[in-house]
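J.: Got a file for you: run.cif, mmCIF, C-alpha atoms.
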data_coords
loop_
_atom_site.label_atom_id
_atom_site.label_comp_id
_atom_site.auth_asym_id
_atom_site.auth_seq_id
_atom_site.Cartn_x
_atom_site.Cartn_y
_atom_site.Cartn_z
CA MET A 8 -59.58 125.99 205.38
CA GLN A 9 -62.28 128.61 204.99
CA ARG A 10 -60.93 129.02 201.49
CA ILE A 11 -61.45 125.37 200.63
CA THR A 12 -64.99 125.52 201.98
CA ASN A 13 -65.69 128.38 199.62
CA ILE A 14 -64.15 126.55 196.72
CA VAL A 15 -66.14 123.42 197.39
CA LEU A 16 -69.39 125.32 197.79
CA THR A 17 -68.93 127.25 194.58
CA SER A 18 -68.05 124.03 192.81
CA VAL A 19 -71.34 122.59 193.97
CA LEU A 20 -73.17 125.60 192.60
CA ALA A 21 -71.40 125.30 189.31
CA ILE A 22 -72.33 121.63 189.09
CA CYS A 23 -75.98 122.61 189.49
CA LEU A 24 -75.54 124.97 186.55
CA LEU A 25 -73.97 122.20 184.53
CA VAL A 26 -76.84 119.89 185.28
CA PHE A 27 -79.32 122.38 183.97
CA SER A 28 -77.31 123.16 180.90
CA VAL A 29 -76.47 119.69 179.70
CA PRO A 30 -79.67 117.60 179.53
CA THR A 31 -81.30 119.79 176.92
CA LYS A 32 -78.08 119.99 174.94
CA ALA A 33 -77.44 116.30 175.18
CA ASN A 34 -80.65 115.76 173.32
CA ALA A 35 -80.26 118.50 170.79
CA SER A 36 -78.56 116.04 168.52
CA ALA A 37 -81.52 113.70 168.79
CA GLU A 38 -83.98 116.33 167.66
CA GLY A 39 -86.41 115.71 164.89
CA THR A 40 -84.01 116.77 162.16
CA SER A 41 -82.91 113.20 161.75
CA THR A 42 -86.30 112.17 160.43
CA GLU A 43 -85.94 113.88 157.06
CA LYS A 44 -82.52 112.43 156.53
CA VAL A 45 -83.82 109.01 157.34
CA ASP A 46 -86.78 109.32 155.02
CA SER A 47 -84.70 110.10 151.98
CA ALA A 48 -82.08 107.55 152.89
CA ASN A 49 -84.65 104.86 153.63
CA VAL A 50 -85.82 104.63 150.05
CA THR A 51 -82.43 103.70 148.73
CA THR A 52 -80.94 101.75 151.59
CA GLU A 53 -83.95 99.91 152.92
CA ALA A 54 -83.93 97.22 150.27
CA ALA A 55 -80.19 96.70 150.55
CA ALA A 56 -80.26 96.75 154.34
CA GLU A 57 -83.11 94.21 154.47
CA GLU A 58 -81.18 91.87 152.18
CA GLY A 59 -78.02 92.24 154.19
CA HIS A 60 -79.95 91.66 157.37
CA GLU A 61 -81.39 88.40 156.18
CA ALA A 62 -78.09 87.13 154.89
CA LYS A 63 -76.41 87.94 158.16
CA ALA A 64 -79.24 86.72 160.38
CA GLY A 65 -77.89 84.99 163.44
CA LYS A 66 -74.34 86.02 162.62
CA PHE A 67 -72.35 88.08 165.05
CA ASN A 68 -71.85 91.63 163.85
CA PRO A 69 -69.20 93.38 165.97
CA SER A 70 -69.84 96.80 164.42
CA ASP A 71 -73.50 96.76 165.51
CA VAL A 72 -72.65 95.50 168.98
CA ILE A 73 -70.06 98.22 169.50
CA LYS A 74 -72.32 100.96 168.18
CA HIS A 75 -75.09 99.75 170.46
CA HIS A 76 -72.81 99.80 173.48
CA VAL A 77 -71.24 103.21 173.04
CA GLY A 78 -74.41 104.92 171.82
CA ASP A 79 -77.25 106.59 173.64
CA ALA A 80 -80.52 104.69 174.21
CA TYR A 81 -84.04 105.15 175.50
CA ASN A 82 -83.63 102.26 177.90
CA TRP A 83 -80.87 101.28 180.28
CA GLU A 84 -79.91 97.72 179.52
CA PHE A 85 -77.41 96.15 181.88
CA PHE A 86 -76.92 92.79 180.20
CA LYS A 87 -78.69 90.08 178.25
CA LEU A 88 -79.69 86.72 179.67
CA GLY A 89 -80.33 84.59 176.63
CA ASP A 90 -82.82 86.71 174.71
CA LYS A 91 -84.05 88.56 177.78
CA GLU A 92 -82.75 92.04 178.36
CA ILE A 93 -82.08 92.91 181.98
CA GLY A 94 -82.54 96.63 182.57
CA PHE A 95 -85.24 99.24 182.72
CA ASN A 96 -87.05 101.54 180.33
CA LEU A 97 -86.63 105.27 180.62
CA PRO A 98 -89.27 107.92 180.05
CA CYS A 99 -89.62 109.41 176.59
CA ILE A 100 -90.58 113.08 176.60
CA ALA A 101 -91.46 114.63 173.29
CA TYR A 102 -92.72 118.12 172.55
CA SER A 103 -94.15 119.37 169.30
CA PRO A 104 -95.92 122.71 168.94
CA ASP A 105 -99.08 121.23 167.42
CA HIS A 106 -99.27 118.16 169.62
CA GLY A 107 -98.16 119.40 173.03
CA VAL A 108 -96.04 117.40 175.45
CA SER A 109 -96.17 113.62 175.44
CA VAL A 110 -94.64 111.57 178.22
CA PHE A 111 -94.58 107.81 178.03
CA SER A 112 -92.35 104.88 178.89
CA TYR A 113 -90.04 103.53 176.21
CA GLY A 114 -91.51 100.08 176.88
CA LYS A 115 -94.69 101.16 175.07
CA ILE A 116 -92.86 101.69 171.79
CA ALA A 117 -89.90 99.35 172.17
CA GLU A 118 -91.32 96.72 169.83
CA GLY A 119 -91.86 99.20 167.00
CA GLU A 120 -95.51 100.04 167.70
CA ALA A 121 -96.72 103.63 167.80
CA TYR A 122 -97.86 105.46 170.92
CA ASP A 123 -99.40 108.92 170.98
CA GLY A 124 -98.16 109.54 167.45
CA TYR A 125 -94.57 108.61 168.17
CA LYS A 126 -92.56 105.52 167.35
CA VAL A 127 -88.96 104.37 167.21
CA ASP A 128 -87.19 104.44 163.89
CA HIS A 129 -86.16 100.98 162.79
CA HIS A 130 -82.69 101.93 161.60
CA THR A 131 -81.50 104.82 163.73
CA HIS A 132 -83.25 103.67 166.93
CA LYS A 133 -84.36 107.24 167.49
CA LEU A 134 -87.77 108.60 168.39
CA ILE A 135 -89.69 109.86 165.36
CA ARG A 136 -93.21 111.07 164.71
CA GLU A 137 -95.44 108.80 162.70
CA ASP A 138 -96.22 111.58 160.22
CA GLY A 139 -92.54 112.48 159.98
CA ALA A 140 -93.04 116.02 161.30
CA LYS A 141 -90.36 117.78 163.35
CA PHE A 142 -90.52 117.75 167.12
CA TYR A 143 -88.28 118.24 170.13
CA ASP A 144 -87.00 115.09 171.74
CA LEU A 145 -86.45 115.91 175.42
CA SER A 146 -86.37 112.29 176.56
CA LEU A 147 -84.47 111.25 179.63
CA THR A 148 -82.14 108.97 177.73
CA LYS A 149 -79.47 106.75 179.22
CA ASN A 150 -76.88 109.52 178.96
CA VAL A 151 -79.12 112.11 180.57
CA VAL A 152 -79.95 109.79 183.46
CA SER A 153 -76.26 109.00 183.85
CA LEU A 154 -75.50 112.72 183.91
CA LEU A 155 -78.13 113.36 186.57
CA LEU A 156 -76.80 110.43 188.57
CA SER A 157 -73.23 111.71 188.43
CA ALA A 158 -74.34 115.23 189.33
CA PHE A 159 -76.26 113.81 192.28
CA LEU A 160 -73.19 111.84 193.38
CA LEU A 161 -70.98 114.93 193.08
CA LEU A 162 -73.43 117.02 195.09
CA LEU A 163 -73.64 114.32 197.73
CA ILE A 164 -69.85 114.00 198.01
CA PHE A 165 -68.98 117.67 197.91
CA ILE A 166 -71.76 118.99 200.13
CA SER A 167 -70.75 116.48 202.79
CA ILE A 168 -67.11 117.53 202.43
CA ALA A 169 -67.98 121.22 202.55
CA ARG A 170 -70.00 120.62 205.72
CA LYS A 171 -67.03 118.92 207.32
CA TYR A 172 -64.74 121.84 206.52
CA LYS A 173 -67.27 124.21 208.05
CA ALA A 174 -67.96 122.09 211.13
CA ASN A 175 -64.35 121.66 212.18
CA PRO A 176 -62.12 124.17 210.46
CA GLY A 177 -58.39 123.87 210.90
CA THR A 178 -58.45 120.22 211.96
CA ALA A 179 -57.02 117.27 210.10
CA PRO A 180 -59.36 115.97 207.38
CA THR A 181 -61.12 112.66 207.94
CA GLY A 182 -62.79 110.04 205.78
CA LEU A 183 -63.89 111.08 202.32
CA GLN A 184 -62.60 114.57 202.95
CA ASN A 185 -59.17 113.09 203.52
CA ALA A 186 -59.35 111.17 200.26
CA LEU A 187 -60.33 114.15 198.13
CA GLU A 188 -58.36 116.97 199.71
CA PRO A 189 -55.11 115.97 197.94
CA ILE A 190 -56.92 116.00 194.60
CA ILE A 191 -58.54 119.38 195.28
CA LEU A 192 -55.14 120.74 196.30
CA PHE A 193 -53.57 119.10 193.24
CA VAL A 194 -55.95 120.97 190.94
CA GLN A 195 -55.29 124.16 192.87
CA ASP A 196 -51.50 123.93 193.09
CA GLU A 197 -50.56 122.05 189.93
CA VAL A 198 -53.21 123.30 187.51
CA ALA A 199 -54.72 126.61 188.57
CA LYS A 200 -51.75 128.40 190.15
CA PRO A 201 -49.10 127.82 187.45
CA MET A 202 -51.49 128.53 184.59
CA LEU A 203 -53.51 131.43 185.95
CA GLY A 204 -51.08 133.18 188.26
CA LYS A 205 -52.56 135.60 190.76
CA LYS A 206 -56.12 135.40 189.48
CA TYR A 207 -56.47 131.69 190.07
CA MET A 208 -59.10 131.96 192.81
CA LYS A 209 -61.65 133.35 190.40
CA TYR A 210 -61.45 130.34 188.08
CA LEU A 211 -60.68 127.59 190.57
CA PRO A 212 -64.36 126.69 191.18
CA TYR A 213 -64.91 126.07 187.49
CA LEU A 214 -61.71 124.08 187.11
CA LEU A 215 -62.52 121.90 190.11
CA THR A 216 -66.06 121.34 188.89
CA VAL A 217 -65.02 120.39 185.41
CA PHE A 218 -62.26 118.15 186.70
CA PHE A 219 -64.45 116.17 189.06
CA PHE A 220 -67.36 116.12 186.64
CA ILE A 221 -65.28 114.61 183.84
CA TRP A 222 -63.46 112.25 186.14
CA ILE A 223 -66.55 110.81 187.80
CA ASN A 224 -68.30 110.42 184.46
CA ASN A 225 -65.29 108.69 182.93
CA MET A 226 -65.26 106.31 185.87
CA LEU A 227 -69.02 105.70 185.78
CA GLY A 228 -68.70 105.00 182.06
CA LEU A 229 -66.14 102.31 182.75
CA ILE A 230 -68.47 100.35 185.02
CA PRO A 231 -69.91 97.52 182.91
CA GLY A 232 -73.47 98.51 182.03
CA GLY A 233 -72.72 102.19 182.55
CA ALA A 234 -73.49 104.93 180.06
CA ASN A 235 -70.84 106.39 177.79
CA LEU A 236 -71.50 110.02 178.70
CA THR A 237 -68.08 111.65 178.23
CA GLY A 238 -67.75 109.72 174.98
CA ASN A 239 -70.71 111.68 173.63
CA THR A 240 -70.04 114.78 171.53
CA ALA A 241 -73.02 116.66 172.94
CA CYS A 242 -71.73 116.43 176.50
CA THR A 243 -68.13 117.34 175.70
CA ALA A 244 -69.31 120.13 173.39
CA VAL A 245 -71.18 121.75 176.27
CA LEU A 246 -68.14 121.46 178.53
CA ALA A 247 -65.87 122.95 175.85
CA GLY A 248 -68.52 125.59 175.16
CA ILE A 249 -68.48 126.68 178.80
CA THR A 250 -64.69 127.01 178.62
CA PHE A 251 -65.06 129.03 175.42
CA ILE A 252 -67.58 131.38 177.04
CA LEU A 253 -65.31 131.73 180.06
CA ILE A 254 -62.35 132.61 177.81
CA MET A 255 -64.40 135.16 175.90
CA PHE A 256 -65.78 136.83 179.02
CA SER A 257 -62.47 137.01 180.84
CA SER A 258 -60.34 138.06 177.87
CA ASN A 259 -58.66 141.44 178.15
CA LYS A 260 -57.27 144.03 175.75
CA HIS A 261 -53.85 142.43 175.79
CA TYR A 262 -55.29 139.12 174.55
CA TRP A 263 -57.20 140.68 171.67
CA LYS A 264 -54.25 142.82 170.68
CA HIS A 265 -52.14 139.71 170.31
CA ILE A 266 -54.80 138.06 168.17
CA LEU A 267 -55.74 140.92 165.88
CA MET A 268 -52.45 142.83 165.72
CA MET A 269 -49.57 140.76 167.00
CA PRO A 270 -47.03 143.38 168.08
CA GLY A 271 -43.56 143.19 166.57
CA VAL A 272 -44.62 141.30 163.46
CA PRO A 273 -44.15 142.74 159.93
CA LYS A 274 -47.41 143.96 158.39
CA PRO A 275 -47.54 141.49 155.45
CA VAL A 276 -47.17 138.57 157.84
CA LEU A 277 -50.21 139.83 159.74
CA LEU A 278 -52.32 139.05 156.67
CA ILE A 279 -51.71 135.37 157.32
CA LEU A 280 -51.23 135.46 161.07
CA THR A 281 -54.43 137.26 162.04
CA PRO A 282 -56.85 134.84 160.31
CA VAL A 283 -54.96 131.91 161.79
CA GLU A 284 -55.15 133.44 165.26
CA ILE A 285 -58.86 134.14 164.86
CA LEU A 286 -59.45 130.55 163.76
CA GLY A 287 -57.41 129.49 166.77
CA ILE A 288 -59.99 131.02 169.11
CA PHE A 289 -62.52 128.47 167.90
CA ILE A 290 -60.18 125.57 167.29
CA LYS A 291 -59.01 125.52 170.91
CA PRO A 292 -62.38 124.62 172.45
CA PHE A 293 -63.18 122.40 169.47
CA ALA A 294 -59.99 120.42 170.10
CA LEU A 295 -60.96 120.16 173.78
CA MET A 296 -64.27 118.66 172.76
CA ILE A 297 -62.77 116.19 170.27
CA ARG A 298 -59.95 115.12 172.56
CA LEU A 299 -62.13 114.14 175.48
CA PHE A 300 -64.87 112.55 173.40
CA ALA A 301 -62.56 110.58 171.10
CA ASN A 302 -60.31 109.35 173.90
CA ILE A 303 -63.16 107.97 175.95
CA LEU A 304 -64.99 106.57 172.93
CA ALA A 305 -61.81 104.92 171.66
CA GLY A 306 -61.15 103.38 175.06
CA HIS A 307 -64.62 101.85 175.18
CA MET A 308 -64.31 100.61 171.61
CA ILE A 309 -60.94 98.93 172.20
CA ILE A 310 -62.32 96.92 175.11
CA LEU A 311 -65.45 96.02 173.14
CA THR A 312 -63.40 94.99 170.11
CA VAL A 313 -61.19 92.76 172.21
CA VAL A 314 -64.28 91.09 173.68
CA SER A 315 -65.88 90.83 170.23
CA LEU A 316 -62.85 88.87 169.02
CA ILE A 317 -64.01 85.94 171.17
CA PHE A 318 -67.30 85.70 169.30
CA ILE A 319 -65.79 86.29 165.88
CA PHE A 320 -63.43 83.36 166.42
CA ALA A 321 -66.06 81.24 168.13
CA GLU A 322 -68.13 81.40 164.95
CA MET A 323 -65.29 79.73 163.07
CA ASN A 324 -64.59 77.13 165.71
CA VAL A 325 -65.81 76.82 169.28
CA GLY A 326 -62.41 75.71 170.56
CA LEU A 327 -60.78 78.68 168.92
CA GLY A 328 -63.31 80.91 170.67
CA TRP A 329 -62.36 79.49 174.06
CA GLY A 330 -58.69 79.97 173.25
CA THR A 331 -59.28 83.59 172.27
CA ALA A 332 -61.31 84.15 175.42
CA VAL A 333 -58.22 83.67 177.59
CA PHE A 334 -56.23 86.17 175.55
CA SER A 335 -59.15 88.58 175.31
CA MET A 336 -59.85 88.57 179.01
CA VAL A 337 -56.22 89.22 179.94
CA PHE A 338 -55.87 91.97 177.34
CA GLY A 339 -59.28 93.38 178.26
CA VAL A 340 -58.35 93.69 181.93
CA PHE A 341 -55.07 95.30 180.91
CA MET A 342 -56.90 97.81 178.72
CA PHE A 343 -59.38 98.45 181.51
CA CYS A 344 -56.54 99.38 183.87
CA ILE A 345 -55.14 101.72 181.21
CA GLU A 346 -58.59 103.23 180.84
CA LEU A 347 -58.72 103.93 184.57
CA LEU A 348 -55.54 105.93 184.10
CA VAL A 349 -56.90 107.61 180.96
CA ALA A 350 -60.05 108.59 182.88
CA PHE A 351 -57.91 110.62 185.26
CA VAL A 352 -55.47 111.92 182.66
CA GLN A 353 -58.24 113.16 180.36
CA ALA A 354 -59.96 114.99 183.21
CA TYR A 355 -56.57 116.49 184.09
CA ILE A 356 -55.82 117.48 180.49
CA PHE A 357 -59.21 119.08 179.96
CA THR A 358 -58.76 121.05 183.19
CA ILE A 359 -55.18 122.10 182.56
CA LEU A 360 -55.85 123.14 178.97
CA SER A 361 -58.92 125.11 180.06
CA ALA A 362 -56.74 126.81 182.66
CA LEU A 363 -54.03 127.45 180.07
CA PHE A 364 -56.45 129.03 177.59
CA ILE A 365 -58.09 131.14 180.28
CA GLY A 366 -54.65 132.08 181.54
CA GLU A 367 -53.70 133.32 178.07
CA ALA A 368 -56.83 135.44 177.99
CA VAL A 369 -56.36 137.09 181.39
CA GLU A 370 -52.59 137.54 181.20
CA GLU A 371 -51.53 141.15 181.69
CA GLY A 372 -49.02 142.49 179.21
CA HIS A 373 -45.51 142.67 180.54
CA ASP A 374 -42.77 144.87 179.10
CA ASP A 375 -42.84 145.17 175.35
CA HIS A 376 -39.60 143.35 174.73
CA HIS A 377 -41.07 140.54 172.67
CA MET B 26 -70.69 100.66 144.22
CA LEU B 27 -69.17 97.81 146.14
CA LEU B 28 -65.70 98.75 144.88
CA LEU B 29 -66.20 102.33 146.04
CA GLU B 30 -67.34 101.19 149.44
CA THR B 31 -64.45 98.79 149.79
CA MET B 32 -62.00 101.47 148.80
CA GLY B 33 -63.57 103.82 151.33
CA MET B 34 -63.09 101.21 154.02
CA ALA B 35 -59.49 100.64 152.95
CA GLY B 36 -58.90 104.39 152.99
CA ALA B 37 -60.31 104.61 156.50
CA GLY B 38 -58.01 101.83 157.64
CA ILE B 39 -54.94 103.39 156.07
CA GLY B 40 -55.92 106.79 157.45
CA ALA B 41 -56.27 105.44 160.98
CA GLY B 42 -52.86 103.80 160.64
CA LEU B 43 -51.24 107.01 159.41
CA ALA B 44 -52.82 108.97 162.25
CA ALA B 45 -51.39 106.45 164.68
CA ILE B 46 -47.94 106.75 163.08
CA GLY B 47 -48.06 110.53 163.32
CA ALA B 48 -49.20 110.51 166.93
CA GLY B 49 -46.63 107.85 167.76
CA LEU B 50 -43.79 109.90 166.29
CA GLY B 51 -44.95 113.06 168.00
CA VAL B 52 -45.65 111.62 171.43
CA GLY B 53 -42.52 109.49 171.23
CA ARG B 54 -40.31 112.50 170.60
CA ILE B 55 -42.02 114.47 173.39
CA GLY B 56 -41.72 111.59 175.85
CA GLY B 57 -38.12 110.88 174.86
CA SER B 58 -36.93 114.43 175.28
CA ALA B 59 -38.92 114.84 178.48
CA LEU B 60 -37.24 111.79 179.98
CA GLU B 61 -33.87 113.10 178.85
CA SER B 62 -34.50 116.44 180.51
CA ILE B 63 -35.71 114.77 183.69
CA ALA B 64 -32.52 112.71 183.73
CA ARG B 65 -30.49 115.89 183.38
CA GLN B 66 -32.46 117.87 185.93
CA PRO B 67 -34.39 115.57 188.23
CA GLU B 68 -35.43 118.49 190.45
CA GLU B 69 -37.49 119.91 187.57
CA ALA B 70 -39.35 116.62 187.02
CA GLY B 71 -42.75 118.00 188.06
CA ASN B 72 -42.60 120.97 185.73
CA ILE B 73 -41.34 118.92 182.82
CA ARG B 74 -44.04 116.29 183.32
CA THR B 75 -46.80 118.89 183.24
CA ASN B 76 -45.49 120.40 180.03
CA MET B 77 -44.97 116.96 178.54
CA ILE B 78 -48.60 116.02 179.15
CA ILE B 79 -49.85 119.30 177.66
CA MET B 80 -47.73 118.87 174.53
CA ALA B 81 -48.72 115.23 174.18
CA ALA B 82 -52.37 116.29 174.44
CA PHE B 83 -51.92 118.74 171.57
CA VAL B 84 -50.32 116.12 169.34
CA GLU B 85 -52.91 113.56 170.30
CA GLY B 86 -55.76 115.97 169.58
CA VAL B 87 -54.74 116.24 165.94
CA ALA B 88 -54.30 112.49 165.61
CA LEU B 89 -57.72 111.90 167.12
CA LEU B 90 -59.24 114.23 164.57
CA GLY B 91 -57.81 111.95 161.88
CA VAL B 92 -59.06 108.81 163.59
CA LEU B 93 -62.48 110.39 163.98
CA THR B 94 -62.69 111.08 160.27
CA CYS B 95 -61.87 107.44 159.57
CA MET B 96 -64.52 106.38 162.07
CA LEU B 97 -67.08 108.51 160.29
CA ILE B 98 -66.21 106.79 157.00
CA VAL B 99 -66.66 103.33 158.49
CA PHE B 100 -69.78 103.98 160.57
CA LYS B 101 -71.38 106.55 158.25
#
Give the structure from this file in structure tokens form.
T.:
Amino acid sequence: MQRITNIVLTSVLAICLLVFSVPTKANASAEGTSTEKVDSANVTTEAAAEEGHEAKAGKFNPSDVIKHHVGDAYNWEFFKLGDKEIGFNLPCIAYSPDHGVSVFSYGKIAEGEAYDGYKVDHHTHKLIREDGAKFYDLSLTKNVVSLLLSAFLLLLIFISIARKYKANPGTAPTGLQNALEPIILFVQDEVAKPMLGKKYMKYLPYLLTVFFFIWINNMLGLIPGGANLTGNTACTAVLAGITFILIMFSSNKHYWKHILMMPGVPKPVLLILTPVEILGIFIKPFALMIRLFANILAGHMIILTVVSLIFIFAEMNVGLGWGTAVFSMVFGVFMFCIELLVAFVQAYIFTILSALFIGEAVEEGHDDHH
Amino acid sequence: MLLLETMGMAGAGIGAGLAAIGAGLGVGRIGGSALESIARQPEEAGNIRTNMIIMAAFVEGVALLGVLTCMLIVFK
């Protein structure tokens, strides 16, 4: 049991590292670069967009609703009561070299007015500077707050479990510890051991961390009103990036020999094989990133589309809308149950593939009979 | 301009469908043969299931890349 205590404690440490690494990255995509793009695009699309907006005024637009729900935001809106949004504003933090740090609530700029030189872009709903200059957007957005919340939850859960293992070692687990021990052992015995062989202890903390981090965020994202964190490329890119760094740092001579000079392959074939293998180094973590992000995003979008159907049909005929509601609710609940499964399976797949790729990198060469 | 946009949308729709067909064929074959092997050797069910999920994830990853491209066309 001492072993599990160690694992849990190191996992907690690794989570702390994750927390510090992700918030800045999660916002990197929201940095000021978008302003230029918007400026040039505005000129051409503004007129068209305005027209379209007026024509569609009051009409239900499922694409906008879905984008709003799965996207990041500067406020955390739980639901709408009539025209009133129930939720809270989050702090905007912006830094520009010539202007210093500005911290203000999103509520001050929500209606489109400027505050301290910053305002929200009408089309992209992103923070921009009034003069269009570049700046660093370090705001605590919905996704960042959700990430901090999940990290806090993980710390809370795993520190309490680690304490229990330390307080009474060798006894039967109780409570929360009892609920999570099978999952910890599952990651250890079904993921780490078969993929990594003898060296599994070294990588188990990372695998456990990444598993529970993805799982809890998938689940938090499924709660109505929750943030779609694992369906965000920035978040999954950081997770895949950590796996990539881990592969690179633990790779041995045997691994590189098989990439650069695959033994037992005719020389002309190497001309094709080596570039493909080198590309493969980067494609593996990239695929990890896409798989997690697209799966979670697609799951959210399916549920939202099914719910949107009600309003699309209700615009044609109110009775039809009510009829669709029955179908939509049943199908929505069904999809939600599938998503609960997907939340676990995606965490499992990310972990097992990470373990597989790391395992390839640390594998010692056996006899040269291949 | 409108024609181009419409054709882009149609292309995205067709692309998403093709990606789904590809993923369906791939995952279907993997699932089918995995079930067959489990029926032949039930004692190896755990091992086969793990490998099945890994293979399905690889197939699905490529399909998702296709779907993502279609999504980018639609949402810009």
J.: Compare A:Gln353, A:Ser153, A:Thr250, A:Gln195 by their minimum atom-to-atom distance to chain B, counting all atoms listed in the file, and give me the closest one.
T.: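 Going through A:Gln353, A:Ser153, A:Thr250, A:Gln195 one by one, the smallest distance to chain B is for A:Gln353.
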J.: Which residues are close to B:Ala44, i.e. within 10 Å by only C-alpha atoms, leaving aside same-chain residues fewer than 5 positions away? Reply as a ChimeraX atom specification.
T.: /B:38-39,49-50,85,87-93,95
J.: If you keep C-alpha atoms, can you produce a file of those selected residues as a PDB file, keeping the file's coordinate frame?
T.:
ATOM      1  CA  GLY B  38     -58.010 101.830 157.640  1.00  0.00           C
ATOM      2  CA  ILE B  39     -54.940 103.390 156.070  1.00  0.00           C
ATOM      3  CA  GLY B  49     -46.630 107.850 167.760  1.00  0.00           C
ATOM      4  CA  LEU B  50     -43.790 109.900 166.290  1.00  0.00           C
ATOM      5  CA  GLU B  85     -52.910 113.560 170.300  1.00  0.00           C
ATOM      6  CA  VAL B  87     -54.740 116.240 165.940  1.00  0.00           C
ATOM      7  CA  ALA B  88     -54.300 112.490 165.610  1.00  0.00           C
ATOM      8  CA  LEU B  89     -57.720 111.900 167.120  1.00  0.00           C
ATOM      9  CA  LEU B  90     -59.240 114.230 164.570  1.00  0.00           C
ATOM     10  CA  GLY B  91     -57.810 111.950 161.880  1.00  0.00           C
ATOM     11  CA  VAL B  92     -59.060 108.810 163.590  1.00  0.00           C
ATOM     12  CA  LEU B  93     -62.480 110.390 163.980  1.00  0.00           C
ATOM     13  CA  CYS B  95     -61.870 107.440 159.570  1.00  0.00           C
TER      14      CYS B  95
END
J.: With distances taken over all atoms listed in the file, which residue among B:Ile98, B:Leu29, B:Ile79, B:Leu60 lies nearest chain A?
T.: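 Closest to chain A of all the choices is B:Ile79.
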J.: List every residue of chain A that has an atom at most 9 Å from any atom of chain B, giving for each one its closest atom pair and the distance in Å to one decimal, counting all atoms listed in the file, sorted by chain and then by ascending residue number, as a Markdown table.
T.:
| residue | atom | partner | partner_atom | distance |
| --- | --- | --- | --- | --- |
| A:Ser70 | CA | B:Phe100 | CA | 8.1 |
| A:Lys74 | CA | B:Phe100 | CA | 8.6 |
| A:Glu197 | CA | B:Thr75 | CA | 8.3 |
| A:Val198 | CA | B:Thr75 | CA | 8.9 |
| A:Ala294 | CA | B:Gly86 | CA | 6.2 |
| A:Leu295 | CA | B:Gly86 | CA | 7.9 |
| A:Ile297 | CA | B:Leu90 | CA | 7.0 |
| A:Arg298 | CA | B:Gly86 | CA | 5.2 |
| A:Leu299 | CA | B:Gly86 | CA | 8.9 |
| A:Ala301 | CA | B:Leu89 | CA | 6.4 |
| A:Asn302 | CA | B:Leu89 | CA | 7.7 |
| A:Val352 | CA | B:Ile78 | CA | 8.7 |
| A:Gln353 | CA | B:Ala82 | CA | 8.9 |
| A:Ile356 | CA | B:Ile79 | CA | 6.9 |
| A:Ile359 | CA | B:Ile79 | CA | 7.8 |
| A:Leu360 | CA | B:Ile79 | CA | 7.2 |
J.: For a cutoff of 7 Å around the file-coordinate point (-88.1, 101.0, 170.1), which residues qualify once you count all atoms listed in the file? I'd like the result as a ChimeraX atom specification.
T.: /A:113,116-119,126-127,132
J.: With a distance cut-off of 8 Å and only C-alpha atoms, select the neighbouring residues of stretch 365-372 of chain A, excluding the residue or stretch itself and same-chain residues fewer than 3 positions from it, and output the selection as a list in words.
T.: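 Result of the neighbour search: Met202, Leu203, Gly204, Thr250, Leu253, Ile254, Met255, Ser257, Ser258, Asn259, His261, Tyr262, Ser361, Ala362 and Asp375 of chain A.
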J.: Box along x, y and z, 8 Å on every side, all listed atoms of stretch 66-77 of chain B inside: centre and edge lengths in Å to one decimal, as JSON.
T.:
{"center_x": -39.6, "center_y": 118.3, "center_z": 184.5, "size_x": 30.3, "size_y": 21.4, "size_z": 27.9}
J.: Go through A:Asn224, A:Thr243, A:Thr358, A:Thr237 one by one, measure the shortest atom-to-atom distance of each to A:Phe159 using only C-alpha atoms, and give the residue with the smallest value.
T.: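 Ranked by minimum distance to A:Phe159, first place goes to A:Asn224.
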J.: Can you measure atom CA of A:Ser335 to atom CA of A:Leu316 for me? One decimal in Å is fine.
T.: 7.3 Å
J.: Tell me, in Å to one decimal, how far atom CA of A:Phe300 is from atom CA of A:Thr240.
T.: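 These two atoms are separated by 5.9 Å.
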J.: What's the 12 Å shell around A:Asn96, counting only C-alpha atoms, without same-chain residues fewer than 6 positions away, as number ranges by chain?
T.: A: 80-85, 111-117, 146-149, 152
J.: Can you measure atom CA of A:Val272 to atom CA of A:Lys260 for me? One decimal in Å is fine.
T.: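 So the two atoms, atom CA of A:Val272 and atom CA of A:Lys260, lie 17.8 Å apart.
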J.: Which polymer residues have any atom within 9 Å of an atom of A:Phe86, counting all atoms listed in the file, with same-chain residues fewer than 3 positions away left out, as a compact mmCIF listing (two decimals) with C-alpha atoms, keeping the file's coordinate frame?
T.:
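The result, stored in result_0.txt:
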# COMPACT_ATOMS: atom_id res chain seq x y z
CA LYS A 91 -84.05 88.56 177.78
CA GLU A 92 -82.75 92.04 178.36
CA ILE A 93 -82.08 92.91 181.98
CA GLY A 94 -82.54 96.63 182.57
CA PRO A 231 -69.91 97.52 182.91
CA GLY A 232 -73.47 98.51 182.03
J.: May I have the residues within 8 Å of A:Ser157 as JSON, numbers by chain, using all atoms listed in the file and disregarding those fewer than 5 positions away in the same chain?
T.: {"A": [220, 223, 224, 227]}
J.: Export C-alpha atoms of the chosen residues as a PDB file, in the frame of the given file?
T.:
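Saved result, again-v1.pdb, follows:
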ATOM      1  CA  PHE A 220     -67.360 116.120 186.640  1.00  0.00           C
ATOM      2  CA  ILE A 223     -66.550 110.810 187.800  1.00  0.00           C
ATOM      3  CA  ASN A 224     -68.300 110.420 184.460  1.00  0.00           C
ATOM      4  CA  LEU A 227     -69.020 105.700 185.780  1.00  0.00           C
TER       5      LEU A 227
END
